[in-house]
Structure formats: structure tokens, C-alpha cells
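Trainee: Have a peek at work20.cif (mmCIF, C-alpha atoms).
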data_protein
loop_
_atom_site.group_PDB
_atom_site.id
_atom_site.type_symbol
_atom_site.label_atom_id
_atom_site.label_comp_id
_atom_site.auth_asym_id
_atom_site.auth_seq_id
_atom_site.Cartn_x
_atom_site.Cartn_y
_atom_site.Cartn_z
ATOM 1 C CA MET Y 1 102.299 233.424 19.381
ATOM 2 C CA ARG Y 2 104.699 231.426 17.209
ATOM 3 C CA PHE Y 3 108.246 231.133 18.553
ATOM 4 C CA LEU Y 4 109.663 228.780 15.922
ATOM 5 C CA PRO Y 5 112.482 230.176 13.750
ATOM 6 C CA THR Y 6 111.654 231.097 10.174
ATOM 7 C CA GLU Y 7 113.312 229.311 7.259
ATOM 8 C CA GLU Y 8 115.724 232.221 6.843
ATOM 9 C CA GLN Y 9 116.648 232.197 10.534
ATOM 10 C CA ALA Y 10 117.113 228.435 10.493
ATOM 11 C CA ALA Y 11 119.371 228.719 7.443
ATOM 12 C CA PHE Y 12 121.484 231.359 9.193
ATOM 13 C CA THR Y 13 121.948 229.298 12.352
ATOM 14 C CA GLY Y 14 122.605 226.238 10.219
ATOM 15 C CA SER Y 15 125.398 228.044 8.416
ATOM 16 C CA LEU Y 16 126.888 229.103 11.770
ATOM 17 C CA ASP Y 17 126.702 225.522 12.997
ATOM 18 C CA ALA Y 18 128.459 224.242 9.874
ATOM 19 C CA MET Y 19 131.179 226.893 10.094
ATOM 20 C CA LEU Y 20 131.859 226.300 13.788
ATOM 21 C CA SER Y 21 131.776 222.518 13.350
ATOM 22 C CA ALA Y 22 134.522 222.829 10.733
ATOM 23 C CA ALA Y 23 136.615 225.144 12.926
ATOM 24 C CA ASP Y 24 138.747 223.820 15.770
ATOM 25 C CA VAL Y 25 136.848 225.696 18.468
ATOM 26 C CA PRO Y 26 138.160 223.590 21.400
ATOM 27 C CA ARG Y 27 141.744 224.455 20.437
ATOM 28 C CA ALA Y 28 140.856 228.141 20.216
ATOM 29 C CA ALA Y 29 139.150 227.957 23.616
ATOM 30 C CA ARG Y 30 142.158 226.314 25.253
ATOM 31 C CA ALA Y 31 144.493 228.865 23.683
ATOM 32 C CA TRP Y 32 142.232 231.662 24.939
ATOM 33 C CA ALA Y 33 142.426 230.267 28.475
ATOM 34 C CA ALA Y 34 146.229 230.271 28.204
ATOM 35 C CA GLY Y 35 146.275 233.920 27.127
ATOM 36 C CA ASP Y 36 146.783 233.288 23.404
ATOM 37 C CA HIS Y 37 143.953 235.176 21.724
ATOM 38 C CA ALA Y 38 145.074 234.781 18.108
ATOM 39 C CA PRO Y 39 142.965 231.675 17.265
ATOM 40 C CA GLY Y 40 139.957 233.219 18.987
ATOM 41 C CA ARG Y 41 140.360 236.481 17.079
ATOM 42 C CA ARG Y 42 140.494 234.571 13.801
ATOM 43 C CA LEU Y 43 137.260 232.885 14.829
ATOM 44 C CA PHE Y 44 135.722 236.271 15.634
ATOM 45 C CA ALA Y 45 136.718 237.494 12.180
ATOM 46 C CA ARG Y 46 134.950 234.540 10.549
ATOM 47 C CA LEU Y 47 131.842 235.166 12.642
ATOM 48 C CA ALA Y 48 131.928 238.812 11.605
ATOM 49 C CA ASP Y 49 132.169 237.797 7.943
ATOM 50 C CA ALA Y 50 129.053 235.698 8.500
ATOM 51 C CA GLY Y 51 127.275 238.836 9.729
ATOM 52 C CA LEU Y 52 126.969 237.924 13.395
ATOM 53 C CA PHE Y 53 127.995 241.189 15.025
ATOM 54 C CA ALA Y 54 126.176 243.262 12.413
ATOM 55 C CA LEU Y 55 122.948 241.934 13.947
ATOM 56 C CA ALA Y 56 123.535 244.114 17.018
ATOM 57 C CA VAL Y 57 124.458 247.295 15.131
ATOM 58 C CA PRO Y 58 122.037 249.722 13.452
ATOM 59 C CA GLU Y 59 122.226 250.124 9.675
ATOM 60 C CA ALA Y 60 123.410 253.713 10.067
ATOM 61 C CA TYR Y 61 126.731 252.397 11.381
ATOM 62 C CA GLY Y 62 127.273 249.533 8.954
ATOM 63 C CA GLY Y 63 125.161 246.919 10.685
ATOM 64 C CA ALA Y 64 121.939 245.100 9.890
ATOM 65 C CA GLY Y 65 120.129 245.463 13.189
ATOM 66 C CA PRO Y 66 119.204 245.583 15.841
ATOM 67 C CA LEU Y 67 117.808 242.060 15.356
ATOM 68 C CA PRO Y 68 117.479 240.495 18.844
ATOM 69 C CA VAL Y 69 115.735 237.318 17.686
ATOM 70 C CA GLU Y 70 118.475 236.485 15.198
ATOM 71 C CA LEU Y 71 121.081 237.348 17.830
ATOM 72 C CA ALA Y 72 119.515 234.996 20.363
ATOM 73 C CA LEU Y 73 119.345 232.153 17.849
ATOM 74 C CA ALA Y 74 122.978 232.738 16.899
ATOM 75 C CA PHE Y 75 124.100 232.800 20.519
ATOM 76 C CA VAL Y 76 122.533 229.402 21.128
ATOM 77 C CA GLU Y 77 124.927 228.105 18.463
ATOM 78 C CA LEU Y 78 127.868 229.941 20.027
ATOM 79 C CA GLY Y 79 127.077 228.214 23.310
ATOM 80 C CA ARG Y 80 126.705 224.833 21.604
ATOM 81 C CA HIS Y 81 130.207 225.180 20.195
ATOM 82 C CA ALA Y 82 131.820 226.748 23.305
ATOM 83 C CA VAL Y 83 133.114 229.775 21.390
ATOM 84 C CA PRO Y 84 135.433 231.808 23.680
ATOM 85 C CA GLY Y 85 135.506 235.541 24.250
ATOM 86 C CA PRO Y 86 133.252 238.400 25.392
ATOM 87 C CA LEU Y 87 130.459 237.546 23.000
ATOM 88 C CA ALA Y 88 127.396 238.809 24.839
ATOM 89 C CA GLU Y 89 129.439 241.752 26.068
ATOM 90 C CA THR Y 90 130.390 242.791 22.534
ATOM 91 C CA ALA Y 91 126.750 242.720 21.414
ATOM 92 C CA ALA Y 92 125.670 244.609 24.539
ATOM 93 C CA ALA Y 93 128.415 247.182 23.978
ATOM 94 C CA ALA Y 94 127.083 247.705 20.454
ATOM 95 C CA ALA Y 95 123.587 248.305 21.821
ATOM 96 C CA LEU Y 96 125.013 250.693 24.409
ATOM 97 C CA LEU Y 97 127.005 252.741 21.909
ATOM 98 C CA ALA Y 98 124.111 252.956 19.462
ATOM 99 C CA GLU Y 99 122.007 254.747 22.084
ATOM 100 C CA CYS Y 100 124.704 257.048 23.502
ATOM 101 C CA GLY Y 101 125.081 259.499 20.651
ATOM 102 C CA ALA Y 102 126.390 259.701 17.113
ATOM 103 C CA ALA Y 103 130.017 260.466 17.974
ATOM 104 C CA PRO Y 104 130.906 257.350 20.034
ATOM 105 C CA ALA Y 105 128.716 255.173 17.809
ATOM 106 C CA ALA Y 106 130.366 256.311 14.568
ATOM 107 C CA ARG Y 107 133.786 255.892 16.127
ATOM 108 C CA LEU Y 108 133.456 252.374 17.589
ATOM 109 C CA LEU Y 109 130.545 250.498 16.014
ATOM 110 C CA PRO Y 110 132.056 249.892 12.536
ATOM 111 C CA GLY Y 111 134.964 248.110 14.229
ATOM 112 C CA LEU Y 112 132.581 245.799 16.075
ATOM 113 C CA VAL Y 113 130.785 244.953 12.831
ATOM 114 C CA ALA Y 114 134.146 244.010 11.315
ATOM 115 C CA GLY Y 115 134.921 241.554 14.121
ATOM 116 C CA GLY Y 116 136.337 243.752 16.851
ATOM 117 C CA THR Y 117 135.589 242.924 20.463
ATOM 118 C CA ALA Y 118 134.401 244.971 23.405
ATOM 119 C CA THR Y 119 133.606 244.309 27.028
ATOM 120 C CA LEU Y 120 131.785 246.430 29.525
ATOM 121 C CA VAL Y 121 130.804 247.079 33.117
ATOM 122 C CA LEU Y 122 127.355 248.456 33.904
ATOM 123 C CA PRO Y 123 125.815 249.759 37.127
ATOM 124 C CA ASP Y 124 124.312 247.036 39.355
ATOM 125 C CA ALA Y 125 126.018 244.314 37.277
ATOM 126 C CA GLY Y 126 129.199 243.804 39.286
ATOM 127 C CA VAL Y 127 132.606 245.404 39.046
ATOM 128 C CA TYR Y 128 134.318 242.875 36.786
ATOM 129 C CA ALA Y 129 134.651 243.020 33.010
ATOM 130 C CA LEU Y 130 134.958 239.787 31.036
ATOM 131 C CA ASP Y 131 138.187 239.280 29.059
ATOM 132 C CA PRO Y 132 139.341 242.910 29.139
ATOM 133 C CA ASP Y 133 142.839 241.846 28.096
ATOM 134 C CA ALA Y 134 141.450 240.562 24.782
ATOM 135 C CA ALA Y 135 138.858 243.249 24.103
ATOM 136 C CA GLY Y 136 139.556 246.095 21.727
ATOM 137 C CA ALA Y 137 137.524 248.440 23.930
ATOM 138 C CA VAL Y 138 136.680 248.320 27.634
ATOM 139 C CA LEU Y 139 133.584 250.410 28.336
ATOM 140 C CA ALA Y 140 132.364 251.405 31.779
ATOM 141 C CA VAL Y 141 129.136 253.138 32.730
ATOM 142 C CA GLU Y 142 129.210 254.893 36.081
ATOM 143 C CA SER Y 143 126.579 256.786 37.996
ATOM 144 C CA ALA Y 144 127.934 259.333 40.455
ATOM 145 C CA GLY Y 145 124.544 259.986 42.016
ATOM 146 C CA ARG Y 146 120.953 258.850 42.054
ATOM 147 C CA GLY Y 147 119.845 260.942 39.108
ATOM 148 C CA THR Y 148 120.155 259.509 35.604
ATOM 149 C CA GLU Y 149 121.784 262.764 34.492
ATOM 150 C CA GLN Y 150 124.870 261.673 36.457
ATOM 151 C CA ALA Y 151 125.497 258.589 34.286
ATOM 152 C CA VAL Y 152 128.821 258.621 32.438
ATOM 153 C CA LEU Y 153 130.157 256.340 29.702
ATOM 154 C CA ARG Y 154 133.929 256.181 29.527
ATOM 155 C CA LEU Y 155 136.559 254.234 27.653
ATOM 156 C CA ALA Y 156 138.684 252.604 30.351
ATOM 157 C CA PRO Y 157 142.462 252.981 29.914
ATOM 158 C CA GLY Y 158 143.191 249.416 31.049
ATOM 159 C CA HIS Y 159 142.326 246.865 33.697
ATOM 160 C CA GLY Y 160 143.520 245.461 36.977
ATOM 161 C CA PRO Y 161 144.870 241.954 37.681
ATOM 162 C CA LEU Y 162 143.162 239.149 35.794
ATOM 163 C CA ARG Y 163 141.141 236.615 37.754
ATOM 164 C CA THR Y 164 139.916 233.248 36.508
ATOM 165 C CA SER Y 165 136.302 232.272 37.108
ATOM 166 C CA ALA Y 166 135.094 228.681 37.440
ATOM 167 C CA ASP Y 167 135.680 228.557 33.686
ATOM 168 C CA PRO Y 168 139.361 229.188 32.825
ATOM 169 C CA VAL Y 169 138.287 230.492 29.421
ATOM 170 C CA ARG Y 170 136.402 233.332 31.143
ATOM 171 C CA ARG Y 171 138.870 235.754 32.718
ATOM 172 C CA LEU Y 172 137.761 238.748 34.733
ATOM 173 C CA ALA Y 173 139.306 242.044 35.814
ATOM 174 C CA VAL Y 174 138.235 245.407 37.166
ATOM 175 C CA PRO Y 175 138.614 248.245 34.618
ATOM 176 C CA LEU Y 176 140.972 251.011 35.672
ATOM 177 C CA ALA Y 177 139.464 254.304 36.751
ATOM 178 C CA GLY Y 178 139.650 257.324 34.511
ATOM 179 C CA GLY Y 179 139.914 257.214 30.767
ATOM 180 C CA GLU Y 180 138.187 259.106 28.002
ATOM 181 C CA ARG Y 181 134.620 260.255 28.600
ATOM 182 C CA LEU Y 182 132.486 259.262 25.605
ATOM 183 C CA ALA Y 183 129.029 260.410 26.709
ATOM 184 C CA GLN Y 184 127.038 261.399 29.759
ATOM 185 C CA GLY Y 185 123.547 262.124 30.986
ATOM 186 C CA THR Y 186 120.150 260.478 30.826
ATOM 187 C CA PRO Y 187 120.696 258.815 27.402
ATOM 188 C CA VAL Y 188 123.642 256.915 28.884
ATOM 189 C CA ALA Y 189 121.530 255.690 31.789
ATOM 190 C CA ARG Y 190 118.781 254.490 29.438
ATOM 191 C CA ALA Y 191 121.306 252.861 27.114
ATOM 192 C CA ALA Y 192 122.917 251.037 30.041
ATOM 193 C CA VAL Y 193 119.561 249.491 30.961
ATOM 194 C CA LEU Y 194 118.983 248.309 27.381
ATOM 195 C CA ALA Y 195 122.514 246.920 27.121
ATOM 196 C CA GLY Y 196 122.135 245.037 30.392
ATOM 197 C CA GLU Y 197 118.908 243.414 29.244
ATOM 198 C CA LEU Y 198 120.487 242.355 25.942
ATOM 199 C CA ALA Y 199 123.521 240.919 27.745
ATOM 200 C CA ARG Y 200 121.182 238.946 30.023
ATOM 201 C CA LEU Y 201 119.169 237.606 27.084
ATOM 202 C CA LEU Y 202 122.216 236.547 25.068
ATOM 203 C CA THR Y 203 123.855 234.937 28.097
ATOM 204 C CA ALA Y 204 120.658 232.927 28.563
ATOM 205 C CA ALA Y 205 120.883 231.864 24.910
ATOM 206 C CA GLN Y 206 124.496 230.795 25.409
ATOM 207 C CA ALA Y 207 123.535 228.802 28.499
ATOM 208 C CA LEU Y 208 120.813 227.080 26.490
ATOM 209 C CA GLY Y 209 123.360 226.158 23.823
ATOM 210 C CA VAL Y 210 125.807 224.854 26.418
ATOM 211 C CA GLY Y 211 123.096 222.691 27.963
ATOM 212 C CA SER Y 212 122.109 221.322 24.553
ATOM 213 C CA ALA Y 213 125.715 220.421 23.727
ATOM 214 C CA LEU Y 214 126.222 218.706 27.084
ATOM 215 C CA LEU Y 215 123.066 216.656 26.620
ATOM 216 C CA GLU Y 216 124.012 215.674 23.052
ATOM 217 C CA ARG Y 217 127.461 214.518 24.167
ATOM 218 C CA THR Y 218 126.112 212.677 27.179
ATOM 219 C CA VAL Y 219 123.502 210.814 25.148
ATOM 220 C CA ALA Y 220 126.186 209.769 22.651
ATOM 221 C CA TYR Y 221 128.426 208.580 25.512
ATOM 222 C CA ALA Y 222 125.561 206.644 27.139
ATOM 223 C CA LYS Y 223 125.099 204.732 23.892
ATOM 224 C CA GLN Y 224 128.793 203.811 23.732
ATOM 225 C CA ARG Y 225 129.760 203.038 27.313
ATOM 226 C CA VAL Y 226 129.050 199.410 28.159
ATOM 227 C CA GLN Y 227 128.432 198.090 31.657
ATOM 228 C CA PHE Y 228 127.273 194.577 32.570
ATOM 229 C CA GLY Y 229 127.300 193.790 28.874
ATOM 230 C CA VAL Y 230 124.890 196.525 27.745
ATOM 231 C CA PRO Y 231 125.167 200.261 27.012
ATOM 232 C CA ILE Y 232 124.433 202.323 30.126
ATOM 233 C CA GLY Y 233 121.813 204.187 28.118
ATOM 234 C CA ALA Y 234 119.631 201.084 28.399
ATOM 235 C CA PHE Y 235 119.294 201.496 32.174
ATOM 236 C CA GLN Y 236 116.049 203.097 33.360
ATOM 237 C CA SER Y 237 117.801 205.384 35.833
ATOM 238 C CA VAL Y 238 120.012 206.773 33.071
ATOM 239 C CA LYS Y 239 117.062 207.201 30.709
ATOM 240 C CA HIS Y 240 115.127 209.103 33.359
ATOM 241 C CA ARG Y 241 118.053 211.388 34.139
ATOM 242 C CA LEU Y 242 118.572 212.218 30.473
ATOM 243 C CA ALA Y 243 114.838 212.719 29.918
ATOM 244 C CA ASP Y 244 114.621 215.111 32.868
ATOM 245 C CA THR Y 245 117.525 217.103 31.459
ATOM 246 C CA LEU Y 246 115.928 217.227 28.002
ATOM 247 C CA ILE Y 247 112.648 218.490 29.476
ATOM 248 C CA ARG Y 248 114.415 221.332 31.294
ATOM 249 C CA ILE Y 249 116.229 222.399 28.145
ATOM 250 C CA GLU Y 250 113.149 222.240 25.944
ATOM 251 C CA PHE Y 251 111.068 224.154 28.478
ATOM 252 C CA ALA Y 252 113.717 226.876 28.558
ATOM 253 C CA ARG Y 253 113.966 227.168 24.763
ATOM 254 C CA PRO Y 254 110.576 228.876 24.119
ATOM 255 C CA LEU Y 255 111.223 231.231 27.031
ATOM 256 C CA VAL Y 256 114.460 232.384 25.393
ATOM 257 C CA TYR Y 257 112.793 232.726 21.995
ATOM 258 C CA GLY Y 258 109.813 234.546 23.500
ATOM 259 C CA ALA Y 259 112.018 236.958 25.435
ATOM 260 C CA ALA Y 260 113.912 237.773 22.235
ATOM 261 C CA VAL Y 261 110.585 238.672 20.606
ATOM 262 C CA THR Y 262 109.159 240.819 23.415
ATOM 263 C CA LEU Y 263 112.388 242.161 24.985
ATOM 264 C CA ASP Y 264 110.342 242.548 28.156
ATOM 265 C CA PRO Y 265 112.625 242.625 31.241
ATOM 266 C CA VAL Y 266 110.422 240.149 33.098
ATOM 267 C CA ASP Y 267 110.436 237.742 30.134
ATOM 268 C CA ILE Y 268 114.209 238.063 29.872
ATOM 269 C CA ALA Y 269 114.631 237.361 33.583
ATOM 270 C CA ALA Y 270 112.411 234.271 33.319
ATOM 271 C CA ALA Y 271 114.399 233.050 30.310
ATOM 272 C CA LYS Y 272 117.670 233.615 32.146
ATOM 273 C CA VAL Y 273 116.522 231.555 35.128
ATOM 274 C CA ALA Y 274 115.193 228.696 33.011
ATOM 275 C CA ALA Y 275 118.124 228.527 30.585
ATOM 276 C CA GLY Y 276 120.778 228.991 33.267
ATOM 277 C CA GLU Y 277 119.323 226.287 35.501
ATOM 278 C CA ALA Y 278 118.799 223.951 32.517
ATOM 279 C CA GLY Y 279 122.421 224.348 31.431
ATOM 280 C CA TYR Y 280 123.674 223.747 34.957
ATOM 281 C CA ALA Y 281 121.459 220.664 35.327
ATOM 282 C CA ALA Y 282 122.833 219.348 32.018
ATOM 283 C CA ALA Y 283 126.364 219.811 33.352
ATOM 284 C CA ARG Y 284 125.577 217.842 36.508
ATOM 285 C CA THR Y 285 123.992 215.075 34.450
ATOM 286 C CA ALA Y 286 126.953 214.952 32.074
ATOM 287 C CA LEU Y 287 129.439 214.770 34.926
ATOM 288 C CA GLN Y 288 127.543 212.032 36.722
ATOM 289 C CA LEU Y 289 127.041 209.821 33.679
ATOM 290 C CA HIS Y 290 130.562 210.272 32.312
ATOM 291 C CA GLY Y 291 132.034 209.288 35.669
ATOM 292 C CA ALA Y 292 135.687 209.958 36.404
ATOM 293 C CA ILE Y 293 136.526 210.668 32.758
ATOM 294 C CA GLY Y 294 134.328 213.764 33.009
ATOM 295 C CA TYR Y 295 136.886 215.397 35.307
ATOM 296 C CA THR Y 296 139.785 215.174 32.874
ATOM 297 C CA GLU Y 297 141.191 218.328 31.289
ATOM 298 C CA GLU Y 298 141.975 216.505 28.044
ATOM 299 C CA LEU Y 299 138.319 215.678 27.368
ATOM 300 C CA ASP Y 300 136.613 218.416 25.363
ATOM 301 C CA LEU Y 301 133.531 217.934 27.545
ATOM 302 C CA SER Y 302 135.258 219.981 30.255
ATOM 303 C CA LEU Y 303 134.998 223.103 28.067
ATOM 304 C CA TRP Y 304 131.207 222.963 28.328
ATOM 305 C CA LEU Y 305 131.065 221.652 31.897
ATOM 306 C CA ARG Y 306 132.939 224.647 33.226
ATOM 307 C CA LYS Y 307 130.812 227.164 31.360
ATOM 308 C CA ALA Y 308 127.483 226.102 32.815
ATOM 309 C CA ARG Y 309 127.700 227.693 36.256
ATOM 310 C CA PRO Y 310 129.397 230.985 35.255
ATOM 311 C CA LEU Y 311 126.788 231.502 32.524
ATOM 312 C CA ARG Y 312 124.019 230.703 34.985
ATOM 313 C CA ASP Y 313 125.220 233.498 37.271
ATOM 314 C CA ALA Y 314 126.533 236.072 34.758
ATOM 315 C CA TRP Y 315 124.351 239.134 34.109
ATOM 316 C CA GLY Y 316 121.838 238.136 36.754
ATOM 317 C CA THR Y 317 121.945 235.267 39.235
ATOM 318 C CA PRO Y 318 118.931 232.938 39.469
ATOM 319 C CA ALA Y 319 117.905 234.564 42.754
ATOM 320 C CA ARG Y 320 118.025 238.060 41.299
ATOM 321 C CA CYS Y 321 116.142 237.078 38.140
ATOM 322 C CA ARG Y 322 113.480 235.225 40.144
ATOM 323 C CA ALA Y 323 113.001 238.315 42.273
ATOM 324 C CA ARG Y 324 112.421 240.372 39.140
ATOM 325 C CA VAL Y 325 109.874 237.866 37.823
ATOM 326 C CA LEU Y 326 108.020 237.860 41.151
ATOM 327 C CA ALA Y 327 108.056 241.664 41.257
ATOM 328 C CA GLY Y 328 106.726 241.779 37.699
ATOM 329 C CA ARG Y 329 109.073 244.574 36.591
#
Show the structure stored in the file as C-alpha cells.
Mentor:
Amino acid sequence: MRFLPTEEQAAFTGSLDAMLSAADVPRAARAWAAGDHAPGRRLFARLADAGLFALAVPEAYGGAGPLPVELALAFVELGRHAVPGPLAETAAAAALLAECGAAPAARLLPGLVAGGTATLVLPDAGVYALDPDAAGAVLAVESAGRGTEQAVLRLAPGHGPLRTSADPVRRLAVPLAGGERLAQGTPVARAAVLAGELARLLTAAQALGVGSALLERTVAYAKQRVQFGVPIGAFQSVKHRLADTLIRIEFARPLVYGAAVTLDPVDIAAAKVAAGEAGYAAARTALQLHGAIGYTEELDLSLWLRKARPLRDAWGTPARCRARVLAGR
């Protein structure tokens, strides 16, 4: 099976890379962490104009999808550029709404295509929603009993106190109880499963992008920093550490691509483990080789360093994903 992107897919991700490289994403990320969402929303609008969120929405509601492979490739770029906001959650919310009936889909999906944001809480995925203060819609799926007919999708009326994760750009809160009921029954339960798998896949893609960015920046720094009269990149120990990090990232890449093709839950879990651990290993390498400067808030590197562990654990910790791979389901 061939997992390499097509020319069209490569051109799309290349255009995203060029657009995000020209934008001041670090400034938008720092503003987002401070509670100022305006620069981030402008960035979301530009991504929407490029067709990003349309990839998660069926054509019947103004989208171009669902196109999971293109989404995964795009989310690698979003991770590479440390784009803030509930990105995977917005795409997962689109997948959820598309499967929950025509009424909620027609009401909310066109807004997501146009650059709106959503966040969500699903059963067995924790109680916290990511960035609910910035999201245009906070969705919650609840199951009152064991039967799938008890599943309910509601539009939360607000959220509780905000909490900061290891990454200050990622803020969490518990959605408030109550709110409008959008759909219920077995279709909601099935849609929640699909949305959770998509969120896991796209979080893995983000983690892969974060790891790639950390490695790129660390290699560039190793060529510039001089010790004992030579760049530290000339030392064998540094070369080996960077090579080990590169191997982990490149081994994770085909797993992410393959999971986007098959959408098999076991493949997605394997990709999540590999990409999450590769991104976290890249963060540890970057911090070690940058030395004390790696700890500074002013250095843009910190934006990627702090994302690695939360992305590794979001939508499925390594232990949980390994258990799924071992169980084969």
C-alpha cells in the first residue's frame, strides 16, 4: 500500500505551510494563552478560506468531505506551526454533527466550514472540553445508561472555571449541565465513536507535526551553537540523539498516514502511540540540546515544547492506546 501524499495533497499542505509561515502564529498563540482570541480567530478564518474545515464536512452541508487523509496531512502542518485553538475538536464536532441528523447538521455545520469553532466532550474521553471559552459551540454527548439508545447530544449553555494544562495555550473546563438537546438515540452513540476516532487521529497528526518542528529547530540550533570551537552538532553524542529522534518521527509518519487511509480503530491507536511518543521524545531532545535557553518563555521553542506532552495524552493516553492495539479492537 502506498502512503505517500499525491501531488494534489502535497500542493495543499504546501500552501498551508506557506500561509502559516507568513502569519505570526507565535503571537497568536501567546495571545490565545492570555485570553485574547482575536488573532487566533483571524487565523481560523484564513484556514477556513483555504478549505481546511470543509474537509471534515459533507458536501450536503457546504463542505468537501469527509476527507480524513487530507485532514491528517493538514493537521501535521498545524502542529508544525503550533496553531492554537480546538482544532481536532472542531473537526471531530463536524463529524459528530454530520451523523446525528439533518437538523443539527444543517444548523451548525455551515458555520464550521466558514471558520467557526467547536469543542466537545465524549463518553470515556474525560470530562474536560478544550478551549470552551473560545469555541462557538460546546457539544457534549452523554449516556444515561448502558444502552446506546440512551445517548444524548446537547449544546452546553456554558462552562465551569478554566484550567490550564501543561500547555498554557490549551485551556480546559467542564461544560455546564443542561442546555439544548440536539439529538438522541443510537445514531448519537455511533457518531460519538466516529468523532472520537477522528479526534484521536488528528491529535496524532498534530503531535507528529510538533515533533517535526522541534527536530527542525533543534538541528538548526545544533549547527549554530559553538562549544570548544566547533558547532555542537559535530559531536557524536548529539548526532546520535538527533538521529534517534528522527527515526522515531519517521517511523510514526507512515502509521499516521496509514491510519488516515484505513480509519481502523487499532491503526489509529497505534498511530497515536507512535506519534505522541515521537513528539514527546523530540521535546526532550530539544530541551536537552538547547540547554537553559530552552526554558525561557521568550523563546518561541517553548510553544512547541509545551504542546508535546498534552498532545501525547489527549484523546487517548499511550497506555490506553497500547491496550487497544494489544486487544486488537
Trainee: With only C-alpha atoms as the basis for distance, which of Y:Asp244, Y:Glu180, Y:Glu197, Y:Glu298 is at the shortest distance from Y:Lys272?
Mentor: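 For Y:Lys272, the nearest of the given residues is Y:Glu197.
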Trainee: Distance atom CA of Y:Arg329-atom CA of Y:Pro86, one decimal place?
Mentor: 27.4 Å
Trainee: To box stretch 72-81 of chain Y, take all atoms listed in the file, fit an axis-aligned box, add 8 Å on each side, and give centre and edge lengths in Å to one decimal, as lines of an AutoDock Vina configuration file.
Mentor:
center_x = 124.8
center_y = 229.9
center_z = 20.1
size_x = 26.9
size_y = 26.2
size_z = 22.4
Trainee: Rounded to one decimal in Å, what is the spacing between atom CA of Y:Leu162 and atom CA of Y:Trp32?
Mentor: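 For atom CA of Y:Leu162 relative to atom CA of Y:Trp32, the distance reads 13.2 Å.
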Trainee: Name the residues that the PyMOL selection byres ((chain Y and resi 217) around 12) picks from the file above, as a PyMOL selection string, using the file's chain letters and numbers.
Mentor: chain Y and resi 80-81+210-216+218-224+242+282-283+285-287+289-290+294+299-302+304-305
Trainee: Taking the file as shown, find all residues satisfying the PyMOL selection byres ((chain Y and resi 172) around 6) and write them as a list of chain:residue names.
Mentor: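 The output of the PyMOL selection byres ((chain Y and resi 172) around 6) on this file is Y:Tyr128, Y:Ala129, Y:Leu130, Y:Asp131, Y:Leu162, Y:Arg163, Y:Arg171, Y:Ala173.
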Trainee: Could you model N, CA, C and O atoms for stretch 236-249 of chain Y and present them as a compact mmCIF listing (two decimals), keeping the file's coordinate frame?
Mentor:
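After the write, rebuild35.txt holds the following:
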# COMPACT_ATOMS: atom_id res chain seq x y z
N GLN Y 236 117.15 202.18 33.13
CA GLN Y 236 116.05 203.10 33.36
C GLN Y 236 116.49 204.36 34.10
O GLN Y 236 116.03 205.46 33.80
N SER Y 237 117.37 204.21 35.07
CA SER Y 237 117.80 205.38 35.83
C SER Y 237 118.52 206.39 34.94
O SER Y 237 118.35 207.60 35.09
N VAL Y 238 119.31 205.89 34.00
CA VAL Y 238 120.01 206.77 33.07
C VAL Y 238 119.02 207.42 32.12
O VAL Y 238 119.10 208.63 31.83
N LYS Y 239 118.07 206.64 31.61
CA LYS Y 239 117.06 207.20 30.71
C LYS Y 239 116.28 208.32 31.39
O LYS Y 239 116.03 209.38 30.80
N HIS Y 240 115.90 208.09 32.65
CA HIS Y 240 115.13 209.10 33.36
C HIS Y 240 115.94 210.37 33.58
O HIS Y 240 115.42 211.48 33.45
N ARG Y 241 117.22 210.21 33.91
CA ARG Y 241 118.05 211.39 34.14
C ARG Y 241 118.21 212.20 32.85
O ARG Y 241 118.12 213.44 32.87
N LEU Y 242 118.43 211.52 31.75
CA LEU Y 242 118.57 212.22 30.47
C LEU Y 242 117.26 212.86 30.05
O LEU Y 242 117.24 213.98 29.52
N ALA Y 243 116.14 212.17 30.28
CA ALA Y 243 114.84 212.72 29.92
C ALA Y 243 114.53 213.97 30.74
O ALA Y 243 114.01 214.96 30.20
N ASP Y 244 114.85 213.93 32.03
CA ASP Y 244 114.62 215.11 32.87
C ASP Y 244 115.44 216.30 32.37
O ASP Y 244 114.96 217.44 32.36
N THR Y 245 116.67 216.03 31.97
CA THR Y 245 117.52 217.10 31.46
C THR Y 245 116.97 217.67 30.15
O THR Y 245 116.95 218.89 29.95
N LEU Y 246 116.51 216.78 29.27
CA LEU Y 246 115.93 217.23 28.00
C LEU Y 246 114.70 218.10 28.24
O LEU Y 246 114.52 219.13 27.59
N ILE Y 247 113.87 217.72 29.19
CA ILE Y 247 112.65 218.49 29.48
C ILE Y 247 113.01 219.89 29.94
O ILE Y 247 112.40 220.88 29.51
N ARG Y 248 114.03 220.01 30.80
CA ARG Y 248 114.42 221.33 31.29
C ARG Y 248 114.93 222.21 30.16
O ARG Y 248 114.62 223.41 30.10
N ILE Y 249 115.70 221.62 29.27
CA ILE Y 249 116.23 222.40 28.14
C ILE Y 249 115.11 222.83 27.21
O ILE Y 249 115.06 224.00 26.77
